[in-house]
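Structure file run_35.txt; described as compact mmCIF, C-alpha atoms.
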```txt
# COMPACT_ATOMS: atom_id res chain seq x y z
CA MET A 1 -28.23 5.38 3.96
CA SER A 2 -27.63 4.85 7.65
CA MET A 3 -29.75 6.77 10.15
CA LEU A 4 -26.87 9.19 10.78
CA ASP A 5 -26.35 9.87 7.08
CA SER A 6 -30.09 10.35 6.58
CA VAL A 7 -30.16 12.95 9.36
CA LYS A 8 -27.11 14.75 7.95
CA HIS A 9 -28.69 14.80 4.49
CA ALA A 10 -31.96 16.16 5.87
CA VAL A 11 -30.17 18.92 7.79
CA HIS A 12 -28.11 19.87 4.77
CA THR A 13 -31.25 20.00 2.61
CA VAL A 14 -32.92 22.42 5.03
CA PHE A 15 -29.78 24.56 5.14
CA LYS A 16 -29.51 24.57 1.33
CA GLU A 17 -33.13 25.60 0.87
CA SER A 18 -32.69 28.40 3.42
CA VAL A 19 -29.63 29.74 1.66
CA GLU A 20 -31.40 29.68 -1.72
CA THR A 21 -34.08 32.04 -0.39
CA VAL A 22 -31.50 34.81 0.17
CA MET A 23 -28.93 33.82 -2.45
CA PRO A 24 -28.78 36.23 -5.42
CA VAL A 25 -29.54 34.84 -8.86
CA SER A 26 -26.37 34.46 -10.90
CA THR A 27 -26.31 36.56 -14.07
CA VAL A 28 -22.61 36.48 -15.00
CA SER A 29 -21.46 33.56 -17.14
CA GLN A 30 -18.80 31.37 -15.52
CA PHE A 31 -19.38 28.28 -17.61
CA ARG A 32 -15.87 27.94 -19.06
CA GLU A 33 -14.18 29.17 -15.89
CA LYS A 34 -16.06 27.10 -13.29
CA GLY A 35 -18.45 24.76 -15.10
CA VAL A 36 -21.55 26.49 -13.71
CA LEU A 37 -24.60 27.99 -15.44
CA THR A 38 -26.81 31.00 -14.94
CA PRO A 39 -30.58 30.37 -15.14
CA GLY A 40 -30.56 32.01 -18.58
CA GLU A 41 -27.82 29.67 -19.77
CA PHE A 42 -29.74 26.70 -18.39
CA VAL A 43 -32.79 27.69 -20.43
CA ALA A 44 -30.67 28.18 -23.59
CA ALA A 45 -29.05 24.77 -23.06
CA GLY A 46 -32.48 23.22 -22.54
CA ASP A 47 -33.74 24.79 -25.75
CA MET A 48 -30.79 23.24 -27.59
CA LEU A 49 -31.51 19.80 -26.08
CA VAL A 50 -35.19 19.98 -27.08
CA ALA A 51 -34.26 21.08 -30.61
CA LYS A 52 -31.68 18.33 -31.12
CA CYS A 53 -33.44 15.54 -29.18
CA PRO A 54 -37.25 15.75 -29.60
CA SER A 55 -37.83 13.10 -26.93
CA TRP A 56 -37.07 15.85 -24.41
CA GLN A 57 -39.52 18.66 -23.67
CA TRP A 58 -40.00 21.57 -21.30
CA GLU A 59 -42.54 21.40 -18.46
CA GLY A 60 -43.97 24.05 -16.14
CA GLY A 61 -44.68 21.71 -13.24
CA ASP A 62 -46.67 22.65 -10.16
CA ALA A 63 -47.38 26.40 -10.34
CA SER A 64 -46.92 26.73 -6.57
CA LYS A 65 -43.35 25.46 -6.91
CA ALA A 66 -42.34 27.62 -9.88
CA LYS A 67 -39.00 29.44 -9.64
CA GLU A 68 -39.27 33.13 -10.47
CA TYR A 69 -35.88 33.17 -12.19
CA LEU A 70 -37.07 30.66 -14.84
CA PRO A 71 -39.85 31.06 -17.46
CA LYS A 72 -43.17 29.65 -16.21
CA ASP A 73 -43.31 27.13 -19.07
CA LYS A 74 -39.62 26.17 -18.82
CA GLN A 75 -39.12 25.14 -15.22
CA TYR A 76 -37.58 21.75 -15.96
CA LEU A 77 -36.87 19.31 -18.79
CA VAL A 78 -38.38 15.83 -19.02
CA THR A 79 -38.27 12.71 -21.17
CA ARG A 80 -40.67 9.82 -20.54
CA ASN A 81 -40.83 6.09 -21.20
CA VAL A 82 -37.05 5.80 -21.26
CA PRO A 83 -36.14 2.09 -21.55
CA CYS A 84 -34.00 0.29 -19.00
CA THR A 85 -33.63 -3.29 -20.18
CA ARG A 86 -30.80 -4.43 -17.90
CA ARG A 87 -29.71 -3.98 -14.29
CA ALA A 88 -26.49 -2.05 -13.71
CA ALA A 89 -24.95 -5.04 -11.91
CA GLY A 90 -25.06 -6.92 -15.21
CA LEU A 91 -22.53 -4.48 -16.65
CA GLU A 92 -20.05 -4.81 -13.81
CA MET A 93 -17.08 -6.98 -14.76
CA SER A 94 -13.72 -7.58 -13.23
CA VAL A 95 -10.64 -7.42 -15.43
CA GLU A 96 -7.89 -10.01 -15.23
CA GLU A 97 -4.58 -9.31 -16.89
CA ARG A 98 -2.05 -11.94 -17.73
CA ALA A 99 1.27 -11.79 -19.51
CA LEU A 100 1.52 -13.77 -22.70
CA ASP A 101 4.78 -14.77 -24.32
CA ASP A 102 4.75 -14.19 -28.08
CA GLY A 103 7.85 -16.35 -28.60
CA GLU A 104 10.21 -13.38 -28.76
CA ASP A 105 10.44 -12.54 -25.05
CA GLU A 106 7.89 -9.75 -25.42
CA GLU A 107 4.91 -9.47 -23.13
CA TRP A 108 1.33 -8.77 -24.21
CA THR A 109 -1.65 -8.01 -22.08
CA ASP A 110 -4.74 -10.17 -22.31
CA THR A 111 -7.77 -8.50 -20.78
CA ARG A 112 -10.61 -10.86 -19.97
CA GLY A 113 -14.00 -10.05 -18.47
CA LEU A 114 -14.94 -12.15 -15.49
CA ALA A 115 -18.36 -12.82 -14.03
CA PRO A 116 -19.47 -10.25 -11.45
CA SER A 117 -19.49 -12.90 -8.70
CA SER A 118 -15.71 -13.33 -9.02
CA SER A 119 -15.08 -9.77 -7.95
CA PRO A 120 -13.46 -9.51 -4.49
CA ALA A 121 -16.06 -6.88 -3.59
CA ALA A 122 -18.99 -9.11 -4.46
CA GLY A 123 -21.36 -9.56 -1.56
CA ALA A 124 -19.55 -6.99 0.56
CA PRO A 125 -21.83 -4.43 2.21
CA ASP A 126 -21.76 -0.96 0.67
CA GLU A 127 -20.25 1.79 2.75
CA VAL A 128 -22.47 4.84 2.78
CA GLU A 129 -20.56 8.01 2.09
CA ASP A 130 -21.46 11.55 3.01
CA ILE A 131 -23.11 13.54 0.23
CA ASP A 132 -22.87 16.92 1.86
CA GLY A 133 -21.52 19.21 -0.80
CA PRO A 134 -19.14 22.16 -0.78
CA ALA A 135 -20.21 25.71 -0.15
CA PRO A 136 -21.86 27.68 -2.99
CA ILE A 137 -19.78 28.92 -5.90
CA ALA A 138 -17.35 31.64 -4.90
CA GLY A 139 -18.48 35.13 -5.76
CA ASN A 140 -22.04 34.83 -4.48
CA SER A 141 -23.00 36.79 -1.39
CA VAL A 142 -24.28 34.07 0.92
CA PRO A 143 -24.52 34.69 4.68
CA GLU A 144 -22.49 32.30 6.80
CA SER A 145 -23.40 30.97 10.22
CA GLY A 146 -22.09 28.51 12.76
CA ALA A 147 -24.85 26.09 11.83
CA ALA A 148 -23.88 26.26 8.20
CA GLN A 149 -20.30 25.52 9.03
CA ALA A 150 -21.34 22.49 11.06
CA THR A 151 -23.65 21.23 8.35
CA VAL A 152 -21.35 21.19 5.37
CA SER A 153 -18.43 18.86 5.98
CA ALA A 154 -15.05 20.11 4.90
CA GLY A 155 -14.04 16.65 3.79
CA ALA A 156 -17.18 15.86 1.82
CA GLU A 157 -15.53 16.43 -1.54
CA GLU A 158 -13.29 13.43 -1.00
CA ASP A 159 -16.24 11.16 -0.17
CA VAL A 160 -18.00 11.55 -3.49
CA PRO A 161 -17.09 9.11 -6.31
CA ASP A 162 -14.93 10.75 -8.94
CA LEU A 163 -17.35 11.95 -11.60
CA ASP A 164 -14.82 14.68 -12.28
CA ASP A 165 -12.11 12.13 -13.06
CA LEU A 166 -13.82 10.99 -16.24
CA GLU A 167 -11.48 11.06 -19.23
CA LEU A 168 -13.72 11.97 -22.14
CA GLU A 169 -12.26 12.45 -25.59
CA ASP A 170 -14.01 14.38 -28.35
CA GLU A 171 -14.98 11.12 -30.06
CA ALA A 172 -16.85 10.07 -26.93
CA LEU A 173 -19.23 12.99 -27.27
CA VAL A 174 -20.35 12.70 -30.88
CA GLN A 175 -23.27 10.79 -32.25
CA ASP A 176 -21.36 7.81 -33.61
CA ASP A 177 -19.71 7.06 -30.26
CA PRO A 178 -19.56 3.22 -30.16
CA SER A 179 -19.67 3.26 -26.36
CA ALA A 180 -22.88 5.26 -26.20
CA VAL A 181 -25.99 3.29 -25.31
CA GLN A 182 -28.29 3.24 -28.33
CA MET A 183 -31.93 4.20 -27.98
CA ARG A 184 -34.50 1.43 -28.36
CA THR A 185 -38.26 1.37 -28.11
CA VAL A 186 -39.91 -0.22 -25.10
CA GLY A 187 -42.62 -2.64 -26.12
CA THR A 188 -41.24 -3.36 -29.60
CA ALA A 189 -42.27 -6.75 -30.90
CA ALA A 190 -39.42 -9.22 -30.58
CA GLY A 191 -39.97 -10.51 -34.07
CA GLY A 192 -40.46 -7.04 -35.54
CA SER A 193 -43.76 -8.16 -37.08
CA GLY A 194 -46.06 -6.15 -34.85
CA GLY A 195 -47.63 -9.36 -33.53
CA GLY A 196 -49.66 -10.01 -30.42
CA ALA A 197 -48.88 -9.19 -26.81
CA ASP A 198 -46.82 -12.37 -26.37
CA ASP A 199 -44.29 -11.03 -28.90
CA PHE A 200 -43.49 -7.90 -26.91
CA VAL A 201 -40.38 -7.63 -24.76
CA LYS A 202 -41.16 -5.97 -21.43
CA ALA A 203 -38.64 -3.68 -19.78
CA ARG A 204 -38.43 -1.22 -16.95
CA SER A 205 -38.89 2.39 -17.94
CA TYR A 206 -38.02 5.74 -16.40
CA THR A 207 -39.18 9.32 -16.44
CA VAL A 208 -35.98 11.38 -16.44
CA SER A 209 -36.12 15.09 -15.65
CA ILE A 210 -33.56 17.89 -15.29
CA SER A 211 -33.99 20.91 -13.05
CA TYR A 212 -31.78 23.91 -12.31
CA ASP A 213 -30.11 23.87 -8.89
CA LYS A 214 -29.69 27.46 -7.74
CA TYR A 215 -27.36 26.58 -4.86
CA TYR A 216 -24.83 24.68 -6.99
CA GLN A 217 -25.67 26.56 -10.23
CA THR A 218 -25.79 23.35 -12.25
CA PRO A 219 -28.39 21.04 -13.80
CA ARG A 220 -29.68 18.25 -11.55
CA VAL A 221 -31.16 14.98 -12.83
CA TRP A 222 -34.22 13.27 -11.31
CA LEU A 223 -35.40 9.69 -11.91
CA PHE A 224 -38.74 7.96 -11.39
CA GLY A 225 -38.90 4.32 -12.43
CA TYR A 226 -41.62 1.88 -13.45
CA SER A 227 -41.56 -1.91 -13.46
CA GLU A 228 -42.16 -4.09 -16.50
CA ASP A 229 -45.86 -4.01 -15.61
CA GLY A 230 -46.02 -0.25 -15.15
CA ALA A 231 -45.97 -0.16 -11.33
CA PRO A 232 -43.71 2.43 -9.63
CA LEU A 233 -40.37 0.99 -8.56
CA SER A 234 -39.37 0.94 -4.91
CA HIS A 235 -36.28 2.87 -3.86
CA GLU A 236 -34.30 -0.35 -3.58
CA GLN A 237 -35.33 -1.37 -7.10
CA VAL A 238 -34.23 2.01 -8.44
CA PHE A 239 -30.80 1.51 -6.87
CA GLU A 240 -30.47 -1.69 -8.93
CA ASP A 241 -30.24 0.52 -12.02
CA MET A 242 -27.49 2.73 -10.62
CA SER A 243 -23.75 2.25 -10.77
CA LYS A 244 -22.61 0.36 -7.68
CA ASP A 245 -20.03 3.09 -7.01
CA HIS A 246 -22.79 5.69 -6.71
CA ALA A 247 -25.91 3.89 -5.43
CA LYS A 248 -26.78 5.10 -1.91
CA LYS A 249 -23.75 7.40 -2.00
CA THR A 250 -24.25 10.20 -4.50
CA ILE A 251 -27.77 8.97 -5.31
CA THR A 252 -30.31 10.42 -2.88
CA ILE A 253 -34.10 10.21 -2.58
CA ASP A 254 -35.62 13.70 -2.42
CA PRO A 255 -38.87 15.51 -3.28
CA HIS A 256 -38.90 16.76 -6.87
CA PRO A 257 -38.52 20.56 -6.86
CA HIS A 258 -41.37 21.10 -9.34
CA LEU A 259 -43.82 18.30 -8.49
CA ALA A 260 -45.97 18.10 -5.37
CA ASN A 261 -45.44 15.22 -2.93
CA ILE A 262 -43.47 13.01 -5.33
CA SER A 263 -40.04 11.77 -4.30
CA HIS A 264 -37.48 10.93 -6.98
CA ALA A 265 -34.02 9.45 -7.04
CA SER A 266 -31.47 12.14 -7.83
CA VAL A 267 -27.75 12.37 -8.49
CA HIS A 268 -26.49 14.80 -5.85
CA PRO A 269 -25.06 17.88 -7.63
CA CYS A 270 -22.24 18.75 -5.21
CA ARG A 271 -19.54 17.71 -7.74
CA HIS A 272 -21.31 18.51 -10.99
CA ALA A 273 -19.50 21.82 -11.61
CA VAL A 274 -16.09 20.20 -11.08
CA ALA A 275 -16.94 17.42 -13.53
CA MET A 276 -18.27 19.90 -16.10
CA LYS A 277 -15.15 22.06 -15.84
CA ARG A 278 -12.91 19.04 -16.39
CA ILE A 279 -14.81 17.99 -19.52
CA ILE A 280 -14.71 21.55 -20.89
CA ASP A 281 -10.94 21.71 -20.37
CA GLN A 282 -10.44 18.33 -22.05
CA MET A 283 -12.44 19.29 -25.11
CA GLU A 284 -10.90 22.72 -25.50
CA SER A 285 -7.34 21.46 -25.00
CA GLY A 286 -7.92 18.85 -27.71
CA ALA A 287 -8.90 21.52 -30.20
CA GLY A 288 -5.40 23.07 -30.28
CA GLU A 289 -4.55 26.74 -30.72
CA GLY A 290 -7.33 28.76 -32.23
CA GLY A 291 -9.72 25.84 -31.68
CA ARG A 292 -13.29 25.87 -30.51
CA GLN A 293 -14.56 27.12 -27.19
CA MET A 294 -17.33 25.20 -25.49
CA ARG A 295 -20.58 27.13 -25.47
CA PRO A 296 -22.99 27.21 -22.51
CA ASP A 297 -25.87 26.09 -24.75
CA LEU A 298 -24.10 22.71 -25.09
CA ALA A 299 -23.87 22.28 -21.33
CA ILE A 300 -26.72 19.80 -20.88
CA PHE A 301 -25.27 17.45 -23.49
CA LEU A 302 -22.01 17.40 -21.52
CA PHE A 303 -23.96 16.99 -18.29
CA LEU A 304 -25.95 14.00 -19.58
CA LYS A 305 -22.76 12.42 -20.90
CA PHE A 306 -21.11 12.14 -17.50
CA ILE A 307 -24.41 11.31 -15.76
CA SER A 308 -24.63 8.25 -18.04
CA SER A 309 -21.72 6.76 -16.05
CA VAL A 310 -23.95 6.79 -12.97
CA ILE A 311 -27.05 5.33 -14.67
CA PRO A 312 -25.48 3.32 -17.52
CA THR A 313 -28.55 1.22 -18.41
CA ILE A 314 -31.15 4.01 -18.56
CA GLU A 315 -31.11 4.74 -22.28
CA TYR A 316 -32.08 8.39 -22.65
CA ASP A 317 -31.23 10.39 -25.76
CA PHE A 318 -28.38 12.91 -25.48
CA THR A 319 -25.94 12.39 -28.35
CA MET A 320 -25.02 15.04 -30.90
CA ASP A 321 -22.09 16.23 -32.96
CA PHE A 322 -20.41 19.05 -31.04
CA ASP A 323 -18.95 20.48 -34.26
CA THR A 324 -22.40 21.40 -35.54
```

Structure encoded using structure tokens:
Amino acid sequence: MSMLDSVKHAVHTVFKESVETVMPVSTVSQFREKGVLTPGEFVAAGDMLVAKCPSWQWEGGDASKAKEYLPKDKQYLVTRNVPCTRRAAGLEMSVEERALDDGEDEEWTDTRGLAPSSSPAAGAPDEVEDIDGPAPIAGNSVPESGAAQATVSAGAEEDVPDLDDLELEDEALVQDDPSAVQMRTVGTAAGGSGGGADDFVKARSYTVSISYDKYYQTPRVWLFGYSEDGAPLSHEQVFEDMSKDHAKKTITIDPHPHLANISHASVHPCRHAVAMKRIIDQMESGAGEGGRQMRPDLAIFLFLKFISSVIPTIEYDFTMDFDT
């Protein structure tokens, strides 16, 4: 971030924390209507994630940072030693289309992946976009002030990459999704024989955690990375594992809400509710008349699905069959 953007983010963070101290805790479900969760729904969704994906577990965190609206032993979710074997830049490919003549004056499209260096944007400096989010969800009694109006930019919604524009079909959310990144074990012997240290493939790893954001009423993901040798990654190294469209834009570095004096990378939650609502609508519209309705206890699976577009090489577990 530039100095100006860093200052704006810091001011917005102070404003957000101030509002949360007087903001009432949401108790009315608006999951299907707005894509948001109450604290109770967040806990139920976390319980479902832990039950379906044992690599995830609840943590209480620092007792001094506990939120009174969440159970003491269920403050946030965490999964550790999550493998990250490739950098996100390695997945970026340009697409070249060319018309092919099949001999009958009909055109076909040939899509070919090009090396990342051939992209016109390669080497161009990233433009840092504002991450200031919209005001809290309508319906909450939050006091307004001139400072608040100056802090939250009215045009910020347009600056955030389009997480909410994801087109996710039902098949993309079930366990046999061919596009889903498959889990693998860090430190597995390359030959599968359980040999010596020279046989092991080293990879970066991450601790991934999910907290409840009272201001935006959505889950929020936090990332702390380690190098192949177990040393903490620098902020710049962490950005290497983020989608280029989101690194330094919707990815911010902030203190973890439940851990003392430890900064994490985080996907800013200002557009999470919009993205969740879009996915809910897509899934329910595909079910036809009399079809299923998305339940709040499935919310974190949906959340982790669209977050995977931001951190495509961090291979956490989140897949399940939504018909079960």

* **For atom CA of Val267 of chain A and atom CA of Val28 of chain A, the interatomic separation in Å (one decimal)** =>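 We find that atom CA of Val267 of chain A and atom CA of Val28 of chain A lie 25.5 Å from each other.
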
* To do: May I ask for the distance between atom CA of Thr13 of chain A and atom CA of Ala265 of chain A, given in Å to one decimal place?
  =>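 The value is 14.6 Å.
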
* Structure fact -> Judged by all atoms listed in the file, the minimum distance to Lys72 of chain A among A:Arg278, A:Lys249, A:His258, A:Lys305 is found for A:His258

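Taking atom CA of Thr313 of chain A and atom CA of Gln237 of chain A as the two end points, the separation is 13.4 Å.
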
* Rank nothing, just name the residue among A:Ala275, A:Ile307, A:Met242, A:Leu298 nearest to Ala89 of chain A, using all atoms listed in the file. => A:Met242

* Using all atoms listed in the file, which residues sit within 9 Å of Arg32 of chain A once same-chain residues fewer than 6 positions away are excluded, as a PyMOL selection string? -> chain A and resi 276-277+280-281+293-296

I'd like the box whose edges run along x, y and z of the file and which contains every listed atom of segment 290-305 of chain A, padded by 3 Å per side; could you state its centre and edge lengths in Å, one decimal, as AutoDock Vina command-line options?
```
--center_x -17.0 --center_y 20.6 --center_z -25.3 --size_x 25.4 --size_y 22.3 --size_z 19.9
```

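Around Ile253 of chain A, within 12 Å and counting all atoms listed in the file, the residues found are Met1, Ser6, His9, Ala10, Thr13, Ile131, Val221, Trp222, Leu223, Phe224, Ser234, His235, Glu236, Val238, Phe239, Ala247, Lys248, Lys249, Thr250, Ile251, Pro255, His256, Ile262, Ser263, His264, Ala265, Ser266, Val267 and His268 of chain A, once anything fewer than 2 positions away on its own chain is removed.
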
* Point out the residue among A:Tyr216, A:Phe306, A:Phe42, A:Tyr76 with the least atom-to-atom distance to Trp58 of chain A, counting all atoms listed in the file. =>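 Closest to Trp58 of chain A, using all atoms listed in the file: A:Tyr76.
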
* Just the residues within 10 Å of Gly46 of chain A, please, counting only C-alpha atoms, with nothing from its chain fewer than 4 positions along; format it as a list in words. => Gly40, Glu41, Phe42, Val50, Ala51, Lys52, Trp56, Gln57, Trp58, Lys74, Tyr76, Leu77, Ile210, Ser211, Pro219, Asp297, Leu298, Ala299, Ile300 and Phe301 of chain A

* To do: Go through A:Ala66, A:Ile314, A:Leu49, A:Leu259 one by one, measure the shortest atom-to-atom distance of each to Gly225 of chain A using only C-alpha atoms, and give the residue with the smallest value.
  =>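 Nearest candidate to Gly225 of chain A out of A:Ala66, A:Ile314, A:Leu49, A:Leu259: A:Ile314.
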
* Which one is closest to Val14 of chain A: A:Glu228, A:Asp245, A:Asp254, A:Gly61? Count all atoms listed in the file. -> A:Asp254

* **Residue nearest Arg271 of chain A among A:Val11, A:Pro257, A:Gly35, A:Pro83 (counting only C-alpha atoms)** =>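 Of all the options, A:Gly35 lies closest to Arg271 of chain A.
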